[in-house]
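Chemist: Next comes structure_19.cif, mmCIF, C-alpha atoms:
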data_query
loop_
_atom_site.group_PDB
_atom_site.id
_atom_site.type_symbol
_atom_site.label_atom_id
_atom_site.label_comp_id
_atom_site.auth_asym_id
_atom_site.auth_seq_id
_atom_site.Cartn_x
_atom_site.Cartn_y
_atom_site.Cartn_z
ATOM 1 C CA MET J 1 38.250 114.891 79.586
ATOM 2 C CA GLY J 2 36.725 111.722 80.272
ATOM 3 C CA LYS J 3 38.826 108.507 80.218
ATOM 4 C CA LYS J 4 37.852 105.335 78.596
ATOM 5 C CA SER J 5 37.334 102.755 81.195
ATOM 6 C CA THR J 6 39.083 99.521 80.490
ATOM 7 C CA ARG J 7 37.599 96.388 81.942
ATOM 8 C CA LYS J 8 40.248 93.829 82.670
ATOM 9 C CA SER J 9 39.506 90.319 83.480
ATOM 10 C CA ALA J 10 41.370 88.455 86.030
ATOM 11 C CA PRO J 11 43.894 85.955 84.699
ATOM 12 C CA GLY J 12 42.380 83.139 86.575
ATOM 13 C CA SER J 13 38.892 84.015 85.578
ATOM 14 C CA PRO J 14 36.884 81.084 84.297
ATOM 15 C CA THR J 15 35.275 83.168 81.703
ATOM 16 C CA SER J 16 38.435 84.267 80.110
ATOM 17 C CA GLY J 17 39.877 80.771 80.180
ATOM 18 C CA SER J 18 36.926 79.275 78.491
ATOM 19 C CA SER J 19 36.855 81.987 75.888
ATOM 20 C CA GLU J 20 40.432 81.293 74.869
ATOM 21 C CA GLU J 21 40.191 77.460 74.745
ATOM 22 C CA VAL J 22 37.078 77.156 72.669
ATOM 23 C CA PRO J 23 38.667 78.199 69.353
ATOM 24 C CA SER J 24 41.459 75.739 69.910
ATOM 25 C CA SER J 25 39.128 72.787 70.381
ATOM 26 C CA LEU J 26 36.972 73.753 67.499
ATOM 27 C CA SER J 27 39.895 74.037 65.166
ATOM 28 C CA SER J 28 41.288 70.556 65.947
ATOM 29 C CA SER J 29 38.030 68.553 65.902
ATOM 30 C CA PRO J 30 37.116 68.891 62.170
ATOM 31 C CA ARG J 31 40.564 67.646 61.009
ATOM 32 C CA ALA J 32 40.351 64.261 62.826
ATOM 33 C CA GLY J 33 36.687 63.278 61.818
ATOM 34 C CA PRO J 34 36.815 63.307 57.925
ATOM 35 C CA SER J 35 40.066 61.411 57.809
ATOM 36 C CA SER J 36 38.670 58.427 59.685
ATOM 37 C CA SER J 37 35.515 58.367 57.564
ATOM 38 C CA ALA J 38 37.527 58.456 54.319
ATOM 39 C CA GLU J 39 39.668 55.566 55.452
ATOM 40 C CA ILE J 40 36.560 53.491 56.227
ATOM 41 C CA ASN J 41 34.989 54.305 52.847
ATOM 42 C CA LEU J 42 38.229 53.425 51.056
ATOM 43 C CA LYS J 43 38.408 50.039 52.754
ATOM 44 C CA THR J 44 34.765 49.369 51.866
ATOM 45 C CA ILE J 45 35.377 50.289 48.239
ATOM 46 C CA GLN J 46 38.446 48.060 48.117
ATOM 47 C CA THR J 47 36.432 45.183 49.548
ATOM 48 C CA LEU J 48 33.686 45.750 47.010
ATOM 49 C CA ILE J 49 36.245 45.908 44.195
ATOM 50 C CA LEU J 50 37.809 42.633 45.325
ATOM 51 C CA GLN J 51 34.394 40.991 45.555
ATOM 52 C CA LEU J 52 33.412 42.369 42.136
ATOM 53 C CA THR J 53 36.698 41.114 40.671
ATOM 54 C CA SER J 54 36.015 37.664 42.114
ATOM 55 C CA ASP J 55 32.480 37.709 40.733
ATOM 56 C CA VAL J 56 33.755 38.778 37.302
ATOM 57 C CA ALA J 57 36.282 35.921 37.361
ATOM 58 C CA GLU J 58 33.506 33.476 38.227
ATOM 59 C CA VAL J 59 31.349 34.859 35.416
ATOM 60 C CA LYS J 60 34.262 34.518 32.987
ATOM 61 C CA LEU J 61 34.824 30.949 34.113
ATOM 62 C CA GLY J 62 31.112 30.203 33.692
ATOM 63 C CA ILE J 63 31.167 31.735 30.219
ATOM 64 C CA GLN J 64 34.200 29.655 29.309
ATOM 65 C CA ASN J 65 32.498 26.487 30.579
ATOM 66 C CA LEU J 66 29.359 27.425 28.672
ATOM 67 C CA GLN J 67 31.388 28.031 25.531
ATOM 68 C CA ALA J 68 33.108 24.674 25.946
ATOM 69 C CA SER J 69 29.749 22.975 26.449
ATOM 70 C CA GLN J 70 28.375 24.757 23.382
ATOM 71 C CA ASP J 71 31.366 23.691 21.306
ATOM 72 C CA PHE J 72 30.977 20.100 22.501
ATOM 73 C CA LEU J 73 27.254 20.203 21.796
ATOM 74 C CA GLY J 74 27.903 21.621 18.327
ATOM 75 C CA THR J 75 30.362 18.811 17.641
ATOM 76 C CA ARG J 76 27.836 16.234 18.789
ATOM 77 C CA ILE J 77 25.114 17.838 16.640
ATOM 78 C CA VAL J 78 27.375 17.751 13.577
ATOM 79 C CA GLU J 79 28.177 14.107 14.292
ATOM 80 C CA ALA J 80 24.494 13.318 14.835
ATOM 81 C CA GLU J 81 23.565 15.040 11.551
ATOM 82 C CA ARG J 82 26.225 13.027 9.764
ATOM 83 C CA TRP J 83 24.861 9.764 11.192
ATOM 84 C CA ILE J 84 21.293 10.795 10.416
ATOM 85 C CA SER J 85 22.323 11.570 6.848
ATOM 86 C CA LYS J 86 23.989 8.167 6.540
ATOM 87 C CA ILE J 87 20.934 6.432 8.014
ATOM 88 C CA LYS J 88 18.642 8.381 5.665
ATOM 89 C CA ASP J 89 20.747 7.441 2.652
ATOM 90 C CA SER J 90 20.809 3.839 3.805
ATOM 91 C CA ALA J 91 17.025 3.888 4.309
ATOM 92 C CA GLU J 92 16.519 5.276 0.803
ATOM 93 C CA GLU J 93 18.756 2.564 -0.606
ATOM 94 C CA GLU J 94 16.831 -0.081 1.327
ATOM 95 C CA THR J 95 13.535 1.380 0.100
ATOM 96 C CA GLN J 96 14.726 1.257 -3.498
ATOM 97 C CA ARG J 97 16.016 -2.281 -2.981
ATOM 98 C CA LEU J 98 12.682 -3.273 -1.407
ATOM 99 C CA LEU J 99 10.755 -1.790 -4.341
ATOM 100 C CA GLN J 100 12.951 -3.691 -6.769
ATOM 101 C CA MET J 101 12.418 -6.898 -4.816
ATOM 102 C CA GLU J 102 8.655 -6.318 -4.778
ATOM 103 C CA GLN J 103 8.678 -5.758 -8.537
ATOM 104 C CA LYS J 104 10.719 -8.903 -9.073
ATOM 105 C CA LEU J 105 8.440 -10.848 -6.737
ATOM 106 C CA THR J 106 5.338 -9.573 -8.546
ATOM 107 C CA THR J 107 6.856 -10.539 -11.885
ATOM 108 C CA ALA J 108 7.834 -13.960 -10.529
ATOM 109 C CA VAL J 109 4.328 -14.566 -9.141
ATOM 110 C CA GLN J 110 2.790 -13.545 -12.460
ATOM 111 C CA ARG J 111 5.099 -15.911 -14.326
ATOM 112 C CA ILE J 112 4.374 -18.750 -11.909
ATOM 113 C CA GLU J 113 0.639 -18.158 -12.281
ATOM 114 C CA ASP J 114 1.004 -18.053 -16.053
ATOM 115 C CA LEU J 115 3.005 -21.299 -16.030
ATOM 116 C CA GLU J 116 0.423 -22.946 -13.792
ATOM 117 C CA ASN J 117 -2.446 -21.975 -16.056
ATOM 118 C CA ARG J 118 -0.549 -22.959 -19.180
ATOM 119 C CA SER J 119 0.088 -26.346 -17.617
ATOM 120 C CA ARG J 120 -3.718 -26.628 -17.310
ATOM 121 C CA ARG J 121 -4.455 -25.457 -20.831
ATOM 122 C CA ASN J 122 -5.605 -28.945 -21.895
ATOM 123 C CA ASN J 123 -7.748 -29.437 -18.762
ATOM 124 C CA VAL J 124 -11.523 -29.306 -18.497
ATOM 125 C CA LYS J 125 -13.470 -29.210 -15.238
ATOM 126 C CA ILE J 126 -16.814 -31.051 -15.297
ATOM 127 C CA VAL J 127 -19.343 -30.343 -12.546
ATOM 128 C CA GLY J 128 -22.673 -32.092 -11.939
ATOM 129 C CA PHE J 129 -22.107 -35.833 -12.182
ATOM 130 C CA PRO J 130 -23.131 -37.705 -9.025
ATOM 131 C CA GLU J 131 -20.418 -38.949 -6.708
ATOM 132 C CA GLY J 132 -19.166 -42.454 -7.570
ATOM 133 C CA VAL J 133 -21.006 -42.663 -10.892
ATOM 134 C CA GLU J 134 -17.717 -43.409 -12.693
ATOM 135 C CA GLY J 135 -17.448 -46.804 -11.029
ATOM 136 C CA GLY J 136 -13.723 -46.457 -10.381
ATOM 137 C CA ASN J 137 -12.821 -45.732 -14.030
ATOM 138 C CA PRO J 138 -13.466 -42.034 -14.779
ATOM 139 C CA ILE J 139 -11.714 -42.081 -18.179
ATOM 140 C CA LYS J 140 -13.907 -44.862 -19.565
ATOM 141 C CA PHE J 141 -17.049 -43.298 -18.091
ATOM 142 C CA LEU J 142 -16.399 -39.843 -19.569
ATOM 143 C CA GLN J 143 -15.346 -41.219 -22.971
ATOM 144 C CA SER J 144 -18.704 -42.957 -23.215
ATOM 145 C CA VAL J 145 -20.899 -40.166 -21.792
ATOM 146 C CA LEU J 146 -19.459 -36.903 -23.142
ATOM 147 C CA PRO J 147 -19.924 -37.540 -26.904
ATOM 148 C CA GLU J 148 -23.626 -38.242 -26.410
ATOM 149 C CA LEU J 149 -24.054 -35.409 -23.907
ATOM 150 C CA LEU J 150 -22.437 -32.858 -26.244
ATOM 151 C CA ASP J 151 -23.775 -34.282 -29.521
ATOM 152 C CA LEU J 152 -20.295 -35.027 -30.794
ATOM 153 C CA LYS J 153 -19.519 -37.308 -33.689
ATOM 154 C CA HIS J 154 -19.201 -40.896 -32.552
ATOM 155 C CA ASP J 155 -16.093 -41.392 -34.628
ATOM 156 C CA LEU J 156 -14.353 -38.450 -32.913
ATOM 157 C CA PRO J 157 -11.559 -39.825 -30.742
ATOM 158 C CA LEU J 158 -11.893 -38.374 -27.223
ATOM 159 C CA GLN J 159 -8.356 -38.923 -26.053
ATOM 160 C CA ILE J 160 -8.241 -38.332 -22.280
ATOM 161 C CA GLU J 161 -4.766 -38.494 -20.804
ATOM 162 C CA ARG J 162 -5.865 -38.321 -17.150
ATOM 163 C CA ALA J 163 -9.096 -37.969 -15.216
ATOM 164 C CA ARG J 164 -9.610 -37.464 -11.496
ATOM 165 C CA HIS J 165 -11.828 -35.880 -8.910
ATOM 166 C CA THR J 166 -10.936 -32.482 -7.484
ATOM 167 C CA LEU J 167 -8.877 -32.637 -4.337
ATOM 168 C CA GLY J 168 -10.808 -32.990 -1.118
ATOM 169 C CA PRO J 169 -12.496 -35.586 1.063
ATOM 170 C CA ARG J 170 -15.266 -37.735 -0.357
ATOM 171 C CA PRO J 171 -18.569 -35.926 0.294
ATOM 172 C CA THR J 172 -21.216 -37.491 2.486
ATOM 173 C CA PRO J 173 -24.728 -38.193 1.112
ATOM 174 C CA GLY J 174 -26.540 -34.914 0.542
ATOM 175 C CA GLN J 175 -23.380 -32.899 0.007
ATOM 176 C CA ARG J 176 -22.322 -31.461 -3.334
ATOM 177 C CA PRO J 177 -20.407 -34.061 -5.393
ATOM 178 C CA ARG J 178 -16.834 -33.428 -6.376
ATOM 179 C CA ALA J 179 -16.039 -32.230 -9.878
ATOM 180 C CA PHE J 180 -14.056 -34.145 -12.478
ATOM 181 C CA VAL J 181 -10.841 -32.700 -13.851
ATOM 182 C CA ILE J 182 -9.739 -34.249 -17.121
ATOM 183 C CA LYS J 183 -6.578 -33.611 -19.093
ATOM 184 C CA LEU J 184 -7.034 -34.071 -22.806
ATOM 185 C CA LEU J 185 -4.202 -35.159 -25.023
ATOM 186 C CA CYS J 186 -4.835 -32.395 -27.586
ATOM 187 C CA PHE J 187 -5.713 -28.743 -27.002
ATOM 188 C CA PRO J 188 -8.153 -28.605 -29.983
ATOM 189 C CA THR J 189 -10.197 -31.363 -28.327
ATOM 190 C CA ARG J 190 -10.471 -29.244 -25.202
ATOM 191 C CA GLU J 191 -11.672 -26.273 -27.265
ATOM 192 C CA LEU J 192 -14.145 -28.529 -29.073
ATOM 193 C CA LEU J 193 -15.707 -29.730 -25.800
ATOM 194 C CA LEU J 194 -16.058 -26.213 -24.387
ATOM 195 C CA LYS J 195 -17.514 -24.854 -27.628
ATOM 196 C CA ALA J 196 -20.004 -27.706 -27.861
ATOM 197 C CA ALA J 197 -21.076 -27.042 -24.254
ATOM 198 C CA ARG J 198 -21.573 -23.331 -24.978
ATOM 199 C CA ASP J 199 -23.505 -24.001 -28.173
ATOM 200 C CA LYS J 200 -25.803 -26.529 -26.547
ATOM 201 C CA GLY J 201 -26.447 -24.327 -23.554
ATOM 202 C CA GLN J 202 -28.103 -26.551 -20.950
ATOM 203 C CA LEU J 203 -26.598 -29.992 -20.392
ATOM 204 C CA LYS J 204 -28.516 -32.716 -18.575
ATOM 205 C CA TRP J 205 -27.545 -36.272 -17.742
ATOM 206 C CA LYS J 206 -30.191 -38.368 -15.973
ATOM 207 C CA GLN J 207 -31.879 -35.324 -14.438
ATOM 208 C CA HIS J 208 -28.543 -33.874 -13.342
ATOM 209 C CA ARG J 209 -27.336 -30.505 -14.639
ATOM 210 C CA VAL J 210 -23.794 -30.779 -15.985
ATOM 211 C CA TYR J 211 -21.383 -27.885 -16.564
ATOM 212 C CA LEU J 212 -18.040 -27.715 -18.354
ATOM 213 C CA PHE J 213 -15.452 -25.073 -17.432
ATOM 214 C CA PRO J 214 -11.821 -24.353 -18.220
ATOM 215 C CA ASP J 215 -9.570 -25.495 -15.405
ATOM 216 C CA TRP J 216 -8.020 -22.197 -14.342
ATOM 217 C CA SER J 217 -6.096 -21.517 -11.142
ATOM 218 C CA ARG J 218 -7.994 -20.048 -8.209
ATOM 219 C CA ASP J 219 -6.458 -16.579 -8.632
ATOM 220 C CA LEU J 220 -7.263 -16.454 -12.321
ATOM 221 C CA GLN J 221 -10.798 -17.668 -11.664
ATOM 222 C CA ALA J 222 -11.235 -14.775 -9.219
ATOM 223 C CA LYS J 223 -9.964 -12.287 -11.815
ATOM 224 C CA ARG J 224 -12.321 -13.615 -14.484
ATOM 225 C CA GLN J 225 -15.201 -13.772 -12.011
ATOM 226 C CA ARG J 226 -14.979 -9.999 -11.592
ATOM 227 C CA PHE J 227 -16.445 -9.643 -15.107
ATOM 228 C CA TRP J 228 -19.543 -11.681 -14.258
ATOM 229 C CA GLU J 229 -21.814 -8.650 -13.773
ATOM 230 C CA VAL J 230 -20.751 -6.820 -16.946
ATOM 231 C CA ARG J 231 -21.003 -10.025 -18.959
ATOM 232 C CA LYS J 232 -24.582 -10.312 -17.733
ATOM 233 C CA LEU J 233 -25.249 -6.737 -18.886
ATOM 234 C CA LEU J 234 -23.764 -7.515 -22.286
ATOM 235 C CA ARG J 235 -25.969 -10.586 -22.649
ATOM 236 C CA GLU J 236 -29.041 -8.548 -21.684
ATOM 237 C CA LYS J 237 -28.199 -6.032 -24.419
ATOM 238 C CA GLY J 238 -27.660 -8.804 -26.914
ATOM 239 C CA VAL J 239 -24.027 -7.840 -27.343
ATOM 240 C CA ARG J 240 -21.480 -10.497 -28.132
ATOM 241 C CA TYR J 241 -18.303 -10.341 -26.120
ATOM 242 C CA GLY J 242 -15.151 -12.334 -25.615
ATOM 243 C CA LEU J 243 -13.267 -13.031 -22.406
ATOM 244 C CA PHE J 244 -9.716 -13.819 -23.403
ATOM 245 C CA TYR J 245 -6.777 -15.234 -21.499
ATOM 246 C CA PRO J 246 -5.875 -14.366 -18.863
ATOM 247 C CA ALA J 247 -8.699 -11.955 -17.953
ATOM 248 C CA ILE J 248 -9.246 -9.529 -20.824
ATOM 249 C CA LEU J 249 -12.712 -8.597 -22.043
ATOM 250 C CA LYS J 250 -12.684 -7.517 -25.693
ATOM 251 C CA ILE J 251 -15.522 -5.686 -27.438
ATOM 252 C CA THR J 252 -15.486 -4.497 -31.048
ATOM 253 C CA TYR J 253 -17.874 -1.572 -31.282
ATOM 254 C CA TRP J 254 -18.673 -0.030 -34.669
ATOM 255 C CA GLY J 255 -15.516 -1.510 -36.134
ATOM 256 C CA GLU J 256 -13.293 -0.436 -33.229
ATOM 257 C CA THR J 257 -11.973 -3.052 -30.807
ATOM 258 C CA GLN J 258 -11.931 -2.183 -27.135
ATOM 259 C CA SER J 259 -10.011 -4.223 -24.539
ATOM 260 C CA PHE J 260 -10.749 -4.022 -20.822
ATOM 261 C CA THR J 261 -9.016 -5.451 -17.789
ATOM 262 C CA ASP J 262 -11.196 -3.612 -15.252
ATOM 263 C CA PRO J 263 -14.961 -4.248 -14.979
ATOM 264 C CA ASP J 264 -15.558 -0.626 -13.936
ATOM 265 C CA GLU J 265 -14.150 0.559 -17.240
ATOM 266 C CA VAL J 266 -16.587 -1.734 -19.043
ATOM 267 C CA LYS J 267 -19.494 -0.263 -17.055
ATOM 268 C CA LYS J 268 -18.317 3.225 -17.950
ATOM 269 C CA PHE J 269 -18.122 2.258 -21.608
ATOM 270 C CA LEU J 270 -21.646 0.788 -21.535
ATOM 271 C CA THR J 271 -23.011 3.872 -19.758
ATOM 272 C CA GLN J 272 -21.607 6.140 -22.451
ATOM 273 C CA ASN J 273 -22.775 3.964 -25.351
ATOM 274 C CA VAL J 274 -25.874 2.186 -24.030
ATOM 275 C CA GLY J 275 -28.141 4.456 -26.103
ATOM 276 C CA LEU J 276 -26.498 3.152 -29.273
ATOM 277 C CA VAL J 277 -26.698 -0.537 -28.403
ATOM 278 C CA GLY J 278 -30.018 -1.986 -29.473
ATOM 279 C CA ASP J 279 -31.610 1.451 -29.975
ATOM 280 C CA PRO J 280 -34.534 1.149 -32.478
ATOM 281 C CA ARG J 281 -33.898 4.663 -33.740
ATOM 282 C CA ASN J 282 -30.418 3.648 -34.845
ATOM 283 C CA SER J 283 -31.399 0.223 -36.180
ATOM 284 C CA GLU J 284 -33.321 1.759 -39.069
ATOM 285 C CA SER J 285 -30.493 3.887 -40.352
ATOM 286 C CA GLN J 286 -27.469 1.936 -39.234
ATOM 287 C CA SER J 287 -26.561 -1.685 -38.865
ATOM 288 C CA PRO J 288 -26.008 -2.915 -35.303
ATOM 289 C CA PRO J 289 -22.433 -2.923 -34.070
ATOM 290 C CA THR J 290 -20.362 -6.027 -34.477
ATOM 291 C CA VAL J 291 -18.853 -7.166 -31.229
ATOM 292 C CA GLY J 292 -15.917 -9.519 -31.228
ATOM 293 C CA SER J 293 -16.286 -12.904 -29.597
#
Go through the file and emit its structure as structure tokens.
Modeler:
Amino acid sequence: MGKKSTRKSAPGSPTSGSSEEVPSSLSSSPRAGPSSSAEINLKTIQTLILQLTSDVAEVKLGIQNLQASQDFLGTRIVEAERWISKIKDSAEEETQRLLQMEQKLTTAVQRIEDLENRSRRNNVKIVGFPEGVEGGNPIKFLQSVLPELLDLKHDLPLQIERARHTLGPRPTPGQRPRAFVIKLLCFPTRELLLKAARDKGQLKWKQHRVYLFPDWSRDLQAKRQRFWEVRKLLREKGVRYGLFYPAILKITYWGETQSFTDPDEVKKFLTQNVGLVGDPRNSESQSPPTVGS
């Protein structure tokens, strides 16, 4: 029978020694490596957690500061709105007070103007006499000239309370002479002089054209002067009109009286009714309208 041959290695053989030690080294090496790596990762995570916690605390502090700033800003906005509301209310009160003052001032000016013109209600302004013709006594000169100029009765007493030139420096030769302003003692005498001047039309004294006007204030003269154009249109149409105090133009058309304080309204009225005024087709069937003086 054959025997199995057994190959024995020598105890001190390098091959056998190396073959026995290799498993031992391999078994101990994997246990030491993962433990060190885990410790490093754990420390890194802890560091990151600490840093994240610090960052979160800073964010919370920033949010708190922002909230405090927002609360402070909201308080200031509420306070500002309250002051703005008070200022707005005060401004509205001042506006209302200013409007009331303007209304009172307008009323006061109107009353002053009315008082001024009423104080002149007996005055007549006379334009056209040469400068110095009165010889230092305007009352005596006008009392002697006006009755003849206006064809008044010689026995009519022309009672002149005062007579003077309009204010201003004495004009030089060649300049327009100053007007006379006379204050009559009685209002009917003033109306008589103005009516006589209107009825006579053109007044002449020694080749000088003479005009008589009511002595209104400058503002009232400007208001009445605004009707100059429409008054000219009315005269061209042969329509009688009346300009009443202070500056009211009255027209009675086909029995209906119309009052105007604005010249544009008069023009509008004439535009709408001009075909009826002086129209030959209407004159045959209807009598012409009566217009108030």
Chemist: Starting from the shown file, work through the PyMOL selection byres ((chain J and resi 177) around 12) and note down what comes out as a PDB file with C-alpha atoms, in the coordinates of the input.
Modeler:
ATOM      1  CA  ILE J 126     -16.814 -31.051 -15.297  1.00  0.00           C
ATOM      2  CA  VAL J 127     -19.343 -30.343 -12.546  1.00  0.00           C
ATOM      3  CA  GLY J 128     -22.673 -32.092 -11.939  1.00  0.00           C
ATOM      4  CA  PHE J 129     -22.107 -35.833 -12.182  1.00  0.00           C
ATOM      5  CA  PRO J 130     -23.131 -37.705  -9.025  1.00  0.00           C
ATOM      6  CA  GLU J 131     -20.418 -38.949  -6.708  1.00  0.00           C
ATOM      7  CA  GLY J 132     -19.166 -42.454  -7.570  1.00  0.00           C
ATOM      8  CA  VAL J 133     -21.006 -42.663 -10.892  1.00  0.00           C
ATOM      9  CA  HIS J 165     -11.828 -35.880  -8.910  1.00  0.00           C
ATOM     10  CA  THR J 166     -10.936 -32.482  -7.484  1.00  0.00           C
ATOM     11  CA  LEU J 167      -8.877 -32.637  -4.337  1.00  0.00           C
ATOM     12  CA  GLY J 168     -10.808 -32.990  -1.118  1.00  0.00           C
ATOM     13  CA  PRO J 169     -12.496 -35.586   1.063  1.00  0.00           C
ATOM     14  CA  ARG J 170     -15.266 -37.735  -0.357  1.00  0.00           C
ATOM     15  CA  PRO J 171     -18.569 -35.926   0.294  1.00  0.00           C
ATOM     16  CA  THR J 172     -21.216 -37.491   2.486  1.00  0.00           C
ATOM     17  CA  PRO J 173     -24.728 -38.193   1.112  1.00  0.00           C
ATOM     18  CA  GLY J 174     -26.540 -34.914   0.542  1.00  0.00           C
ATOM     19  CA  GLN J 175     -23.380 -32.899   0.007  1.00  0.00           C
ATOM     20  CA  ARG J 176     -22.322 -31.461  -3.334  1.00  0.00           C
ATOM     21  CA  ARG J 178     -16.834 -33.428  -6.376  1.00  0.00           C
ATOM     22  CA  ALA J 179     -16.039 -32.230  -9.878  1.00  0.00           C
ATOM     23  CA  PHE J 180     -14.056 -34.145 -12.478  1.00  0.00           C
ATOM     24  CA  HIS J 208     -28.543 -33.874 -13.342  1.00  0.00           C
ATOM     25  CA  VAL J 210     -23.794 -30.779 -15.985  1.00  0.00           C
TER      26      VAL J 210
END
Chemist: Env of Ser119 (chain J): 10 Å cut, atoms = all atoms listed in the file, seq-sep filter 5 positions within chain, self excluded. Answer as a list in words.
Modeler: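 Counting only the stated atoms, we get Glu113, Asp114, Lys183, Asp215 and Trp216 of chain J.
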Chemist: Closest to Lys125 (chain J) among J:Ser90, J:Phe141, J:Leu194, J:Ile84, using all atoms listed in the file?
Modeler: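 Among J:Ser90, J:Phe141, J:Leu194, J:Ile84, it is J:Leu194 that comes nearest to Lys125 (chain J).
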Chemist: Which value, in Å to one decimal, gives the distance between CA of Ala163 (chain J) and CA of Pro138 (chain J)?
Modeler: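 Going from CA of Ala163 (chain J) over to CA of Pro138 (chain J) covers 6.0 Å.
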Chemist: In Å, with one decimal, what is the gap from CA of Arg240 (chain J) to CA of Asp199 (chain J)?
Modeler: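 According to the coordinates, CA of Arg240 (chain J) and CA of Asp199 (chain J) are separated by 13.7 Å.
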Chemist: For CA of Asp264 (chain J) and CA of Arg235 (chain J), determine how far apart the two atoms are, in Å to one decimal place.
Modeler: 16.8 Å
Chemist: Residues within 12 Å of Glu191 (chain J), please, as a PyMOL selection string. Count all atoms listed in the file; anything in the same chain fewer than 6 positions from it doesn't count.
Modeler: chain J and resi 121-124+184-185+197-198+212-214
Chemist: Let me make sure I understand: among J:Lys60, J:Val145, J:Glu265, J:Glu81, which one has the smallest atom-to-atom distance to Lys206 (chain J) if we use only C-alpha atoms?
Modeler: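 So, comparing all the options, the nearest one is J:Val145.
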Chemist: List the residues matched by the PyMOL selection byres ((chain J and resi 269) around 12) in the displayed structure as a list in words, ordered by chain and then by residue number.
Modeler: Val230, Leu233, Leu234, Lys250, Ile251, Thr252, Tyr253, Gln258, Ser259, Phe260, Asp262, Pro263, Asp264, Glu265, Val266, Lys267, Lys268, Leu270, Thr271, Gln272, Asn273, Val274, Gly275, Leu276 and Val277 of chain J
Chemist: Find the residue from J:Val181, J:Ile63, J:Ile248, J:Leu193 that sits nearest to Leu158 (chain J); use all atoms listed in the file when measuring.
Modeler: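 Ranking J:Val181, J:Ile63, J:Ile248, J:Leu193 by distance to Leu158 (chain J), first place goes to J:Leu193.
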